[in-house]
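Next comes final.txt, with compact mmCIF, C-alpha atoms.
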# COMPACT_ATOMS: atom_id res chain seq x y z
CA MET A 4 -59.76 51.93 7.09
CA VAL A 5 -57.12 50.03 5.21
CA SER A 6 -55.87 51.95 2.23
CA GLY A 7 -56.28 49.65 -0.74
CA CYS A 8 -53.45 49.09 -3.11
CA ALA A 9 -54.92 46.34 -5.26
CA PHE A 10 -54.70 48.67 -8.19
CA SER A 11 -51.35 50.22 -7.31
CA PRO A 12 -48.47 49.06 -9.52
CA LEU A 13 -46.55 47.69 -6.50
CA GLY A 14 -49.61 45.83 -5.25
CA LYS A 15 -50.11 44.21 -8.65
CA ARG A 16 -46.45 43.21 -8.79
CA ALA A 17 -46.55 41.78 -5.26
CA THR A 18 -49.57 39.69 -6.23
CA ALA A 19 -47.81 38.39 -9.36
CA PHE A 20 -44.74 37.52 -7.27
CA SER A 21 -46.94 35.77 -4.72
CA THR A 22 -48.51 33.48 -7.32
CA ALA A 23 -45.18 32.52 -8.92
CA ALA A 24 -43.40 32.08 -5.56
CA SER A 25 -46.17 29.84 -4.17
CA ALA A 26 -45.94 27.55 -7.20
CA THR A 27 -42.15 27.31 -6.84
CA THR A 28 -42.12 26.50 -3.12
CA LEU A 29 -44.66 23.74 -3.73
CA GLN A 30 -42.33 22.11 -6.26
CA VAL A 31 -39.29 22.22 -3.96
CA LYS A 32 -41.10 19.75 -1.68
CA ASN A 33 -41.24 17.31 -4.59
CA GLY A 34 -37.43 17.41 -4.77
CA TYR A 35 -37.21 15.96 -1.26
CA GLN A 36 -39.61 13.21 -2.30
CA VAL A 37 -37.39 12.21 -5.23
CA VAL A 38 -34.35 11.79 -2.96
CA GLU A 39 -36.39 9.91 -0.33
CA GLN A 40 -37.57 7.49 -3.02
CA SER A 41 -34.03 6.75 -4.26
CA TYR A 42 -32.86 6.20 -0.67
CA TYR A 43 -35.77 3.85 -0.01
CA ASP A 44 -34.99 1.90 -3.21
CA VAL A 45 -31.40 1.36 -2.03
CA GLN A 46 -32.62 0.04 1.30
CA VAL A 47 -35.00 -2.40 -0.38
CA ASP A 48 -32.11 -3.40 -2.60
CA ASN A 49 -29.91 -4.05 0.45
CA LEU A 50 -32.74 -6.02 2.06
CA VAL A 51 -32.87 -8.34 -0.96
CA LYS A 52 -29.11 -8.95 -0.57
CA VAL A 53 -29.20 -9.87 3.13
CA PHE A 54 -32.67 -11.44 3.34
CA ASP A 55 -31.46 -15.07 3.16
CA THR A 56 -29.06 -14.60 6.09
CA GLU A 57 -30.62 -11.83 8.19
CA GLY A 58 -34.32 -11.86 7.33
CA PHE A 59 -36.36 -8.64 7.46
CA LYS A 60 -35.51 -6.17 10.24
CA THR A 61 -37.69 -3.08 10.26
CA ASP A 62 -34.75 -1.13 11.76
CA ASN A 63 -32.97 -1.45 8.42
CA ILE A 64 -35.59 0.64 6.62
CA LYS A 65 -35.08 4.28 7.56
CA PRO A 66 -35.95 7.53 5.78
CA PHE A 67 -33.06 9.58 4.38
CA LEU A 68 -34.32 12.66 6.21
CA THR A 69 -35.45 12.02 9.79
CA PRO A 70 -38.92 13.39 10.66
CA ASP A 71 -37.22 16.40 12.35
CA GLU A 72 -35.08 17.11 9.30
CA MET A 73 -38.02 16.84 6.92
CA LYS A 74 -40.17 19.01 9.21
CA ALA A 75 -37.53 21.76 9.23
CA ARG A 76 -37.39 21.88 5.43
CA THR A 77 -41.16 21.78 5.13
CA GLN A 78 -41.50 24.62 7.66
CA LEU A 79 -38.98 26.78 5.80
CA LEU A 80 -40.98 26.31 2.61
CA GLN A 81 -44.25 26.96 4.44
CA GLY A 82 -42.74 30.17 5.78
CA LEU A 83 -41.82 31.35 2.28
CA GLN A 84 -45.23 30.31 0.96
CA GLN A 85 -47.05 32.09 3.78
CA TYR A 86 -44.96 35.19 3.16
CA ALA A 87 -46.01 35.10 -0.51
CA THR A 88 -49.65 34.74 0.58
CA LEU A 89 -49.22 37.65 2.99
CA LEU A 90 -47.87 39.86 0.21
CA ALA A 91 -50.87 39.08 -1.96
CA ALA A 92 -53.23 39.73 0.95
CA VAL A 93 -51.77 43.09 1.93
CA SER A 94 -51.77 44.09 -1.73
CA GLY A 95 -55.52 43.62 -1.91
CA ASN A 96 -58.40 45.71 -0.64
CA ASP A 97 -59.61 43.09 1.81
CA ALA A 98 -58.59 43.25 5.44
CA VAL A 99 -55.92 40.70 6.23
CA ALA A 100 -57.64 39.48 9.40
CA ALA A 101 -58.62 36.16 7.86
CA LEU A 102 -55.00 35.46 7.10
CA ASP A 103 -53.73 36.52 10.51
CA LYS A 104 -54.39 33.23 12.27
CA GLN A 105 -52.62 31.15 9.67
CA SER A 106 -49.71 33.56 9.43
CA GLU A 107 -49.38 33.64 13.20
CA SER A 108 -49.31 29.87 13.38
CA VAL A 109 -46.65 29.56 10.64
CA GLY A 110 -44.72 32.47 12.19
CA LYS A 111 -44.63 30.75 15.58
CA ASP A 112 -43.37 27.56 13.93
CA MET A 113 -40.62 29.56 12.23
CA GLU A 114 -39.50 31.15 15.50
CA SER A 115 -39.12 27.79 17.24
CA LEU A 116 -37.60 26.24 14.11
CA SER A 117 -34.30 28.11 14.40
CA LYS A 118 -33.57 26.21 17.64
CA ASP A 119 -34.49 22.76 16.31
CA SER A 120 -31.98 20.03 15.48
CA GLY A 121 -33.75 19.54 12.15
CA PHE A 122 -32.92 23.12 11.19
CA LYS A 123 -29.24 22.50 11.96
CA SER A 124 -29.31 19.69 9.40
CA VAL A 125 -30.40 22.21 6.74
CA ALA A 126 -27.84 24.79 7.85
CA LYS A 127 -24.94 22.30 7.81
CA ASN A 128 -24.81 22.29 3.99
CA SER A 129 -24.81 26.06 3.80
CA THR A 130 -22.08 28.66 3.57
CA ILE A 131 -24.32 30.96 5.63
CA GLU A 132 -23.16 31.07 9.23
CA GLY A 133 -25.56 29.19 11.56
CA GLY A 134 -26.45 32.26 13.64
CA VAL A 135 -27.20 34.35 10.55
CA ALA A 136 -29.44 31.59 9.13
CA ALA A 137 -31.32 31.35 12.43
CA ALA A 138 -31.75 35.14 12.51
CA ALA A 139 -33.23 35.09 8.98
CA VAL A 140 -35.75 32.43 9.99
CA ASP A 141 -36.64 34.39 13.17
CA ALA A 142 -37.13 37.58 11.13
CA LEU A 143 -39.51 35.84 8.73
CA GLY A 144 -41.40 34.35 11.68
CA ARG A 145 -41.78 37.76 13.33
CA GLU A 146 -42.98 39.33 10.09
CA LEU A 147 -45.64 36.67 9.67
CA MET A 148 -46.89 37.22 13.22
CA ALA A 149 -47.12 40.99 12.92
CA ARG A 150 -50.45 42.51 11.86
CA LYS A 151 -49.79 44.24 8.55
CA THR A 152 -51.82 46.52 6.37
CA ALA A 153 -51.60 47.54 2.74
CA LYS A 154 -49.71 50.76 3.35
CA GLU A 155 -46.92 48.78 4.99
CA LEU A 156 -46.13 46.80 1.84
CA PRO A 157 -42.93 48.77 1.01
CA THR A 158 -41.67 48.32 4.59
CA ILE A 159 -42.46 44.59 4.57
CA LEU A 160 -40.50 44.19 1.34
CA ASP A 161 -37.52 46.09 2.74
CA GLU A 162 -37.47 44.13 5.98
CA MET A 163 -37.77 40.79 4.24
CA GLN A 164 -35.26 41.28 1.44
CA LYS A 165 -32.29 39.78 3.31
CA PRO A 166 -34.16 37.02 5.18
CA VAL A 167 -35.85 35.80 1.96
CA ASP A 168 -32.48 35.83 0.14
CA GLN A 169 -30.83 33.89 2.96
CA ILE A 170 -33.60 31.29 3.32
CA CYS A 171 -33.58 30.67 -0.44
CA GLN A 172 -29.78 30.31 -0.33
CA LEU A 173 -30.07 27.90 2.61
CA LEU A 174 -32.51 25.67 0.70
CA GLU A 175 -30.50 25.93 -2.50
CA GLU A 176 -27.24 24.91 -0.80
CA ASP A 177 -29.05 22.11 1.03
CA ILE A 178 -29.79 20.59 -2.41
CA GLY A 179 -26.02 20.72 -2.87
CA ASP A 180 -23.87 19.21 -5.59
CA PRO A 181 -23.36 15.64 -6.90
CA GLN A 182 -19.75 15.57 -5.63
CA THR A 183 -19.50 17.67 -2.51
CA GLY A 184 -22.67 16.99 -0.53
CA GLY A 185 -26.35 17.67 -0.07
CA LEU A 186 -29.35 16.00 -1.65
CA ARG A 187 -27.85 15.75 -5.14
CA ASN A 188 -24.80 13.94 -3.75
CA GLN A 189 -27.03 11.50 -1.88
CA LEU A 190 -29.06 10.89 -5.04
CA LYS A 191 -25.91 10.20 -7.11
CA ASN A 192 -24.48 7.76 -4.57
CA ASP A 193 -27.85 5.98 -4.18
CA TYR A 194 -28.16 5.41 -7.92
CA ASP A 195 -24.51 4.28 -8.20
CA GLN A 196 -25.30 1.69 -5.55
CA LEU A 197 -28.53 0.60 -7.27
CA ILE A 198 -26.70 0.12 -10.59
CA ALA A 199 -23.82 -1.81 -8.99
CA ASP A 200 -26.26 -4.06 -7.10
CA GLN A 201 -28.37 -4.71 -10.20
CA ARG A 202 -25.24 -5.69 -12.15
CA ALA A 203 -24.04 -7.97 -9.33
CA PHE A 204 -27.53 -9.53 -9.14
CA ILE A 205 -27.49 -10.34 -12.88
CA TYR A 206 -24.06 -12.00 -12.74
CA ALA A 207 -24.89 -13.93 -9.57
CA ASN A 208 -28.18 -15.28 -10.93
CA GLU A 209 -27.73 -15.41 -14.71
CA LYS A 210 -27.49 -19.20 -14.79
CA ALA A 211 -30.94 -19.49 -13.22
CA MET A 212 -32.49 -16.87 -15.54
CA SER A 213 -34.29 -17.51 -18.80
CA PRO A 214 -33.02 -15.42 -21.75
CA ASP A 215 -36.08 -13.19 -21.41
CA GLU A 216 -35.59 -12.69 -17.66
CA LYS A 217 -31.93 -11.85 -18.23
CA ARG A 218 -32.89 -9.39 -20.96
CA GLN A 219 -35.36 -7.65 -18.62
CA ALA A 220 -32.82 -7.51 -15.78
CA ILE A 221 -30.18 -6.00 -18.07
CA ALA A 222 -32.68 -3.43 -19.42
CA ILE A 223 -33.07 -2.06 -15.89
CA LEU A 224 -29.42 -0.84 -15.91
CA PRO A 225 -29.85 1.96 -18.48
CA GLN A 226 -33.23 2.83 -16.96
CA LEU A 227 -31.54 3.45 -13.60
CA TRP A 228 -28.81 5.50 -15.24
CA ILE A 229 -31.36 7.67 -17.08
CA ALA A 230 -33.48 8.10 -13.94
CA GLU A 231 -30.37 9.30 -12.07
CA LYS A 232 -29.62 11.91 -14.73
CA GLN A 233 -33.26 13.09 -14.91
CA ASN A 234 -33.72 13.33 -11.16
CA ASP A 235 -30.42 15.17 -10.75
CA ALA A 236 -31.48 17.59 -13.48
CA ALA A 237 -34.78 18.14 -11.64
CA LEU A 238 -32.92 18.97 -8.42
CA ALA A 239 -30.58 21.32 -10.31
CA GLN A 240 -33.63 23.02 -11.82
CA THR A 241 -35.12 23.33 -8.33
CA GLN A 242 -31.94 25.12 -7.21
CA GLU A 243 -32.27 27.49 -10.16
CA ALA A 244 -35.90 28.18 -9.25
CA LEU A 245 -34.91 29.03 -5.66
CA LYS A 246 -32.21 31.35 -6.94
CA LYS A 247 -34.73 32.98 -9.28
CA LEU A 248 -37.24 33.35 -6.44
CA ALA A 249 -34.68 35.37 -4.44
CA THR A 250 -33.65 37.45 -7.47
CA THR A 251 -37.29 38.18 -8.34
CA HIS A 252 -38.00 39.20 -4.75
CA ASP A 253 -34.97 41.53 -4.85
CA ALA A 254 -36.30 43.03 -8.08
CA LEU A 255 -39.72 43.49 -6.49
CA VAL A 256 -38.10 45.37 -3.59
CA ASP A 257 -36.23 47.59 -6.08
CA THR A 258 -39.51 48.60 -7.78
CA LYS A 259 -41.10 50.10 -4.66
CA LYS A 260 -41.16 53.57 -6.13
CA SER A 261 -41.47 52.69 -9.81
CA LYS A 262 -44.56 52.84 -11.92
CA ASP A 263 -43.20 50.48 -14.55
CA ALA A 264 -40.87 47.60 -13.84
CA PRO A 265 -39.97 45.70 -17.02
CA ALA A 266 -37.03 43.86 -15.39
CA PHE A 267 -39.26 42.59 -12.61
CA GLU A 268 -42.02 41.62 -15.06
CA SER A 269 -39.54 39.56 -17.04
CA LEU A 270 -38.16 37.83 -13.93
CA VAL A 271 -41.58 37.04 -12.48
CA SER A 272 -42.74 35.47 -15.72
CA GLN A 273 -39.53 33.40 -15.85
CA LEU A 274 -40.19 32.28 -12.27
CA ALA A 275 -43.75 31.27 -13.18
CA VAL A 276 -42.48 29.27 -16.18
CA GLN A 277 -39.83 27.55 -14.02
CA GLY A 278 -42.46 26.62 -11.43
CA SER A 279 -44.66 25.11 -14.11
CA GLN A 280 -41.72 23.23 -15.73
CA LEU A 281 -40.75 21.80 -12.35
CA SER A 282 -44.29 20.62 -11.83
CA ASP A 283 -44.09 18.72 -15.16
CA VAL A 284 -40.68 17.23 -14.35
CA TYR A 285 -41.72 15.98 -10.92
CA SER A 286 -45.06 14.65 -12.19
CA ALA A 287 -43.15 12.63 -14.80
CA ALA A 288 -40.70 11.34 -12.16
CA THR A 289 -43.56 10.28 -9.86
CA LYS A 290 -45.37 8.48 -12.70
CA LYS A 291 -42.19 6.57 -13.59
CA GLU A 292 -41.71 5.46 -9.99
CA LYS A 293 -45.25 4.09 -9.90
CA MET B 4 11.43 13.62 11.41
CA ALA B 5 8.30 15.10 9.85
CA THR B 6 5.03 13.40 10.72
CA ASN B 7 2.05 13.15 8.40
CA PRO B 8 -0.68 15.62 9.32
CA VAL B 9 -3.94 14.13 10.63
CA PRO B 10 -6.52 14.01 7.80
CA THR B 11 -9.48 16.31 8.32
CA ILE B 12 -13.13 15.38 7.73
CA PRO B 13 -13.30 17.31 4.40
CA GLN B 14 -10.08 15.60 3.20
CA THR B 15 -11.37 12.17 4.21
CA ARG B 16 -14.75 12.92 2.66
CA ALA B 17 -13.06 13.95 -0.58
CA ALA B 18 -11.06 10.68 -0.57
CA ALA B 19 -14.28 8.69 0.05
CA GLN B 20 -16.13 10.47 -2.76
CA ALA B 21 -13.18 10.00 -5.14
CA LEU B 22 -13.23 6.26 -4.39
CA GLU B 23 -17.02 6.21 -4.82
CA ASN B 24 -16.57 7.79 -8.27
CA GLN B 25 -13.89 5.26 -9.25
CA LEU B 26 -16.13 2.37 -8.21
CA ALA B 27 -19.24 3.85 -9.86
CA ASN B 28 -17.35 4.28 -13.14
CA ALA B 29 -15.86 0.77 -13.06
CA ASN B 30 -17.20 -1.90 -15.41
CA PRO B 31 -16.77 -5.25 -13.67
CA ILE B 32 -17.48 -8.40 -15.68
CA GLY B 33 -18.47 -11.57 -13.82
CA ALA B 34 -20.00 -12.44 -10.48
CA ASP B 35 -16.93 -11.99 -8.27
CA ALA B 36 -15.76 -8.64 -9.62
CA SER B 37 -19.26 -7.15 -9.70
CA ALA B 38 -19.97 -8.33 -6.13
CA THR B 39 -16.67 -6.79 -4.96
CA VAL B 40 -17.55 -3.44 -6.51
CA ALA B 41 -21.12 -3.50 -5.14
CA ASP B 42 -19.90 -4.39 -1.63
CA ALA B 43 -17.21 -1.70 -1.72
CA LEU B 44 -19.74 0.92 -2.90
CA GLU B 45 -22.10 0.01 -0.08
CA ALA B 46 -19.30 0.36 2.49
CA VAL B 47 -18.15 3.71 1.03
CA GLY B 48 -21.78 4.90 1.16
CA VAL B 49 -21.97 4.11 4.88
CA VAL B 50 -18.66 5.94 5.49
CA LEU B 51 -19.80 9.00 3.50
CA THR B 52 -23.04 9.23 5.48
CA ALA B 53 -21.10 8.89 8.76
CA LEU B 54 -18.61 11.59 7.69
CA ASN B 55 -21.47 13.97 6.83
CA GLN B 56 -23.06 13.35 10.22
CA GLU B 57 -19.73 13.76 12.02
CA GLU B 58 -19.09 17.08 10.27
CA ALA B 59 -22.54 18.36 11.27
CA ALA B 60 -22.01 17.15 14.84
CA GLN B 61 -18.65 18.92 15.08
CA ARG B 62 -20.19 22.18 13.80
CA SER B 63 -22.93 22.01 16.40
CA GLY B 64 -20.46 20.96 19.12
CA GLN B 65 -22.29 17.70 19.79
CA MET B 66 -20.34 14.49 20.20
CA GLN B 67 -21.78 11.37 18.68
CA ALA B 68 -20.96 7.71 19.09
CA VAL B 69 -19.62 5.78 16.11
CA GLY B 70 -22.21 3.28 14.90
CA GLN B 71 -21.41 -0.40 14.45
CA ASP B 72 -22.29 -0.03 10.75
CA VAL B 73 -19.36 2.39 10.32
CA THR B 74 -16.93 0.04 12.06
CA ASP B 75 -18.20 -2.83 9.87
CA ALA B 76 -17.92 -0.71 6.70
CA VAL B 77 -14.31 0.26 7.48
CA LYS B 78 -13.46 -3.39 8.20
CA GLN B 79 -15.04 -4.42 4.93
CA LEU B 80 -13.10 -1.83 2.95
CA THR B 81 -9.86 -2.99 4.62
CA ALA B 82 -10.72 -6.56 3.63
CA LEU B 83 -11.55 -5.57 0.04
CA LYS B 84 -8.42 -3.45 -0.47
CA LYS B 85 -6.22 -6.21 -1.89
CA GLN B 86 -8.99 -7.49 -4.14
CA LEU B 87 -9.78 -4.03 -5.49
CA ALA B 88 -6.12 -3.30 -6.16
CA GLN B 89 -5.80 -6.59 -8.05
CA ILE B 90 -8.87 -6.17 -10.25
CA GLY B 91 -8.66 -2.38 -10.52
CA SER B 92 -7.19 -2.11 -14.02
CA ASP B 93 -9.25 -5.07 -15.33
CA ILE B 94 -12.55 -3.41 -14.43
CA GLY B 95 -11.58 -0.04 -15.81
CA ILE B 96 -10.80 1.79 -12.57
CA VAL B 97 -8.75 4.82 -13.49
CA GLY B 98 -6.18 5.93 -10.94
CA ASP B 99 -4.64 4.49 -7.82
CA VAL B 100 -7.47 2.71 -6.02
CA ALA B 101 -5.22 1.36 -3.23
CA GLY B 102 -3.78 4.82 -2.52
CA GLY B 103 -7.27 6.35 -2.39
CA LEU B 104 -8.46 3.59 -0.10
CA ASP B 105 -5.45 4.11 2.19
CA ALA B 106 -6.25 7.83 2.48
CA LEU B 107 -9.84 6.99 3.33
CA LEU B 108 -8.94 4.34 5.91
CA THR B 109 -6.33 6.58 7.59
CA GLY B 110 -8.88 9.40 7.83
CA CYS B 111 -11.60 7.13 9.22
CA GLY B 112 -9.14 5.68 11.76
CA SER B 113 -8.35 9.10 13.12
CA ILE B 114 -11.86 10.63 12.88
CA PHE B 115 -13.86 7.69 14.21
CA LYS B 116 -11.05 6.29 16.43
CA ILE B 117 -11.49 2.85 14.85
Structure translated into structure tokens:
Amino acid sequence: MVSGCAFSPLGKRATAFSTAASATTLQVKNGYQVVEQSYYDVQVDNLVKVFDTEGFKTDNIKPFLTPDEMKARTQLLQGLQQYATLLAAVSGNDAVAALDKQSESVGKDMESLSKDSGFKSVAKNSTIEGGVAAAAVDALGRELMARKTAKELPTILDEMQKPVDQICQLLEEDIGDPQTGGLRNQLKNDYDQLIADQRAFIYANEKAMSPDEKRQAIAILPQLWIAEKQNDAALAQTQEALKKLATTHDALVDTKKSKDAPAFESLVSQLAVQGSQLSDVYSAATKKEK
Amino acid sequence: MATNPVPTIPQTRAAAQALENQLANANPIGADASATVADALEAVGVVLTALNQEEAAQRSGQMQAVGQDVTDAVKQLTALKKQLAQIGSDIGIVGDVAGGLDALLTGCGSIFKI
């Protein structure tokens, strides 16, 4: 019989971490959507510029992240999310059999992921050496495929401390910086292009515009500038949430033998707040785009 | 006689991003100047994407062919160089735009063999 630890302090903490971590990983996916949207807008913008001479070529509309690259990021997040679910499951009194199938499936995906070209696109923005990053993903995959019980919770936490840290770092560095690379750099350059094109459009067509049309076209310029700042801030906040997720997991590992864990409690509540704030930020960004 | 070292991808990328920043912060007035800035930004964007891909390809040891869009972007930047240098101070570009463009074009020439 599985020894229950739903009422053990560590089990309770693992469950709290699981809830906050799941919410955070869900929001990271929204960050990719924001960058995809800005990239798409630039392509539509370019289409408007060349339409009279080149017409509409479907080849000119491409996603920023190829399906392989998007799949790799989604799988990394699914791995983290499944790990959080696993922690909650092994912390409870119920047998984890129901979860096994799902964990096994995500675990298998993780193991093959480290060899995919899409994964290399995530690793390229990271300071973590490619082999180390692949090993972290493999380790998480293996953990998800193994049949675990409640009494193994401390061992699971120990084994996963480094891989979880490294995967969070990988995703955080993939988001990058407005100047040196990554998603934030792409977002900045996309918006710079959108603003320059909008300004060129106004000057090229102002003679054919009514005063009201010109006013509306000009009003788009500050809107683009504000959207750039807000979306960049959302990505920066997403990086912070990933950092916090790793720190909170580290704190959870450190509390294996403790009855009380005030530092962990504080971190996990901060992580939950960050996840909820991100949800608000991305909901607002999506509404604006509609 | 000392020869100039071959620019690396990070150096060329830094030159491209510096030029992108100069163009993004410019304030062109009028159809011609604003079109020049928009066209230059588009070309720098293509070069930056290509440099990122080339860096990733080098890390993974995979060779990749240079796309026509990169060749076109480099040609366009070469063509716009004189214009940008002329209007640079009028549109509020801070710094030496021609020098930055030269560094970018030299790097692209050596990295992409254009």
Using all atoms listed in the file, select each residue of chain B with any atom at most 8 Å away from an atom of chain A, and give the selection as an NGL selection string.
-> :B and (17 or 20 or 23 or 27 or 33-34 or 37-38 or 40-41 or 44-45 or 48 or 59 or 62-63)
Students should find that CA of Leu80 (chain A) and CA of Ala287 (chain A) are spaced 22.2 Å
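Take CA of Val140 (chain A) and CA of Val167 (chain A): the distance between them is 8.7 Å.
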Residue neighbourhood Ile131 (chain A), 12 Å, all atoms listed in the file, exclusion window fewer than 4 positions, as number ranges by chain = A: 123, 125-127, 135-139, 166, 168-177
Pick out the closest residue to Leu80 (chain B) from this set: B:Ala18, B:Cys111, B:Ala36, B:Leu104. Count all atoms listed in the file.
->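 The answer is B:Leu104, which sits nearest to Leu80 (chain B).
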Work out how far apart CA of Phe20 (chain A) and CA of Ala275 (chain A) are and give it in Å to one decimal.
-> 8.7 Å
Give as a list in words every residue, naming chains and numbers as the document does, that has an atom within 10 Å of (-9.5, -1.7, -12.6), counting all atoms listed in the file.
->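 Selection result: Gln25, Leu26, Asn28, Ala29, Asn30, Pro31, Ala36, Leu87, Ala88, Gln89, Ile90, Gly91, Ser92, Asp93, Ile94, Gly95, Ile96, Val97, Gly98, Asp99 and Val100 of chain B.
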So, counting all atoms listed in the file, which residue among A:Leu13, A:Val276, A:Met73, A:Leu238 is closest to Ala91 (chain A)?
->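 Using all atoms listed in the file, Ala91 (chain A) sits closest to A:Leu13.
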Identify, on the basis of all atoms listed in the file, every residue whose closest approach to Ser282 (chain A) does not exceed 10 Å; exclude the query and any residue fewer than 6 positions from it along the same chain; express the result as a list in words.
->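 In the requested form, the answer reads Ala26, Thr27, Leu29, Gln30, Val31, Asn33, Ala237, Val276 and Ala288 of chain A.
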Please write as a VMD selection string the list of polymer residues whose atoms come within 12 Å of (-43.2, 24.4, 13.5), counting all atoms listed in the file and keeping to the coordinates of the file.
-> chain A and resid 71 to 82 106 to 119 121 to 122 140 to 141 144
Excluding Leu108 (chain B) and residues on its chain fewer than 3 positions from it, collect all residues at most 12 Å away from it, counting only C-alpha atoms, and give them as a VMD selection string.
-> chain B and resid 9 to 10 12 14 to 16 18 to 19 22 46 to 47 50 73 to 74 76 to 84 101 to 105 111 to 117
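Among the candidates B:Val69, B:Ile32, B:Ala106, B:Ala21, the one nearest to Ala53 (chain B) when counting only C-alpha atoms is B:Val69.
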N, CA and C atoms are needed for region 46-60 of chain A; please write them out as a PDB file, in the coordinates of the input.
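Once written, selection-v1.pdb looks like this:
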ATOM      1  N   GLN A  46     -32.413   0.872   0.113  1.00  0.00           N
ATOM      2  CA  GLN A  46     -32.620   0.040   1.300  1.00  0.00           C
ATOM      3  C   GLN A  46     -33.337  -1.268   0.960  1.00  0.00           C
ATOM      4  N   VAL A  47     -34.300  -1.182   0.060  1.00  0.00           N
ATOM      5  CA  VAL A  47     -35.000  -2.400  -0.380  1.00  0.00           C
ATOM      6  C   VAL A  47     -34.006  -3.317  -1.090  1.00  0.00           C
ATOM      7  N   ASP A  48     -33.143  -2.680  -1.874  1.00  0.00           N
ATOM      8  CA  ASP A  48     -32.110  -3.400  -2.600  1.00  0.00           C
ATOM      9  C   ASP A  48     -31.178  -4.146  -1.617  1.00  0.00           C
ATOM     10  N   ASN A  49     -30.773  -3.441  -0.554  1.00  0.00           N
ATOM     11  CA  ASN A  49     -29.910  -4.050   0.450  1.00  0.00           C
ATOM     12  C   ASN A  49     -30.638  -5.179   1.175  1.00  0.00           C
ATOM     13  N   LEU A  50     -31.938  -4.993   1.388  1.00  0.00           N
ATOM     14  CA  LEU A  50     -32.740  -6.020   2.060  1.00  0.00           C
ATOM     15  C   LEU A  50     -32.739  -7.312   1.238  1.00  0.00           C
ATOM     16  N   VAL A  51     -32.875  -7.160  -0.073  1.00  0.00           N
ATOM     17  CA  VAL A  51     -32.870  -8.340  -0.960  1.00  0.00           C
ATOM     18  C   VAL A  51     -31.548  -9.091  -0.802  1.00  0.00           C
ATOM     19  N   LYS A  52     -30.437  -8.318  -0.664  1.00  0.00           N
ATOM     20  CA  LYS A  52     -29.110  -8.950  -0.570  1.00  0.00           C
ATOM     21  C   LYS A  52     -28.943  -9.755   0.721  1.00  0.00           C
ATOM     22  N   VAL A  53     -29.464  -9.224   1.823  1.00  0.00           N
ATOM     23  CA  VAL A  53     -29.200  -9.870   3.130  1.00  0.00           C
ATOM     24  C   VAL A  53     -30.365 -10.720   3.613  1.00  0.00           C
ATOM     25  N   PHE A  54     -31.453 -10.770   2.861  1.00  0.00           N
ATOM     26  CA  PHE A  54     -32.670 -11.440   3.340  1.00  0.00           C
ATOM     27  C   PHE A  54     -32.426 -12.901   3.722  1.00  0.00           C
ATOM     28  N   ASP A  55     -31.670 -13.641   2.898  1.00  0.00           N
ATOM     29  CA  ASP A  55     -31.460 -15.070   3.160  1.00  0.00           C
ATOM     30  C   ASP A  55     -30.718 -15.308   4.478  1.00  0.00           C
ATOM     31  N   THR A  56     -29.848 -14.383   4.862  1.00  0.00           N
ATOM     32  CA  THR A  56     -29.060 -14.600   6.090  1.00  0.00           C
ATOM     33  C   THR A  56     -29.591 -13.827   7.292  1.00  0.00           C
ATOM     34  N   GLU A  57     -30.187 -12.661   7.050  1.00  0.00           N
ATOM     35  CA  GLU A  57     -30.620 -11.830   8.190  1.00  0.00           C
ATOM     36  C   GLU A  57     -32.123 -11.656   8.311  1.00  0.00           C
ATOM     37  N   GLY A  58     -32.868 -12.047   7.296  1.00  0.00           N
ATOM     38  CA  GLY A  58     -34.320 -11.860   7.330  1.00  0.00           C
ATOM     39  C   GLY A  58     -34.693 -10.396   7.157  1.00  0.00           C
ATOM     40  N   PHE A  59     -35.879 -10.032   7.605  1.00  0.00           N
ATOM     41  CA  PHE A  59     -36.360  -8.640   7.460  1.00  0.00           C
ATOM     42  C   PHE A  59     -36.387  -7.962   8.820  1.00  0.00           C
ATOM     43  N   LYS A  60     -35.511  -6.961   8.991  1.00  0.00           N
ATOM     44  CA  LYS A  60     -35.510  -6.170  10.240  1.00  0.00           C
ATOM     45  C   LYS A  60     -36.044  -4.786   9.887  1.00  0.00           C
TER      46      LYS A  60
END
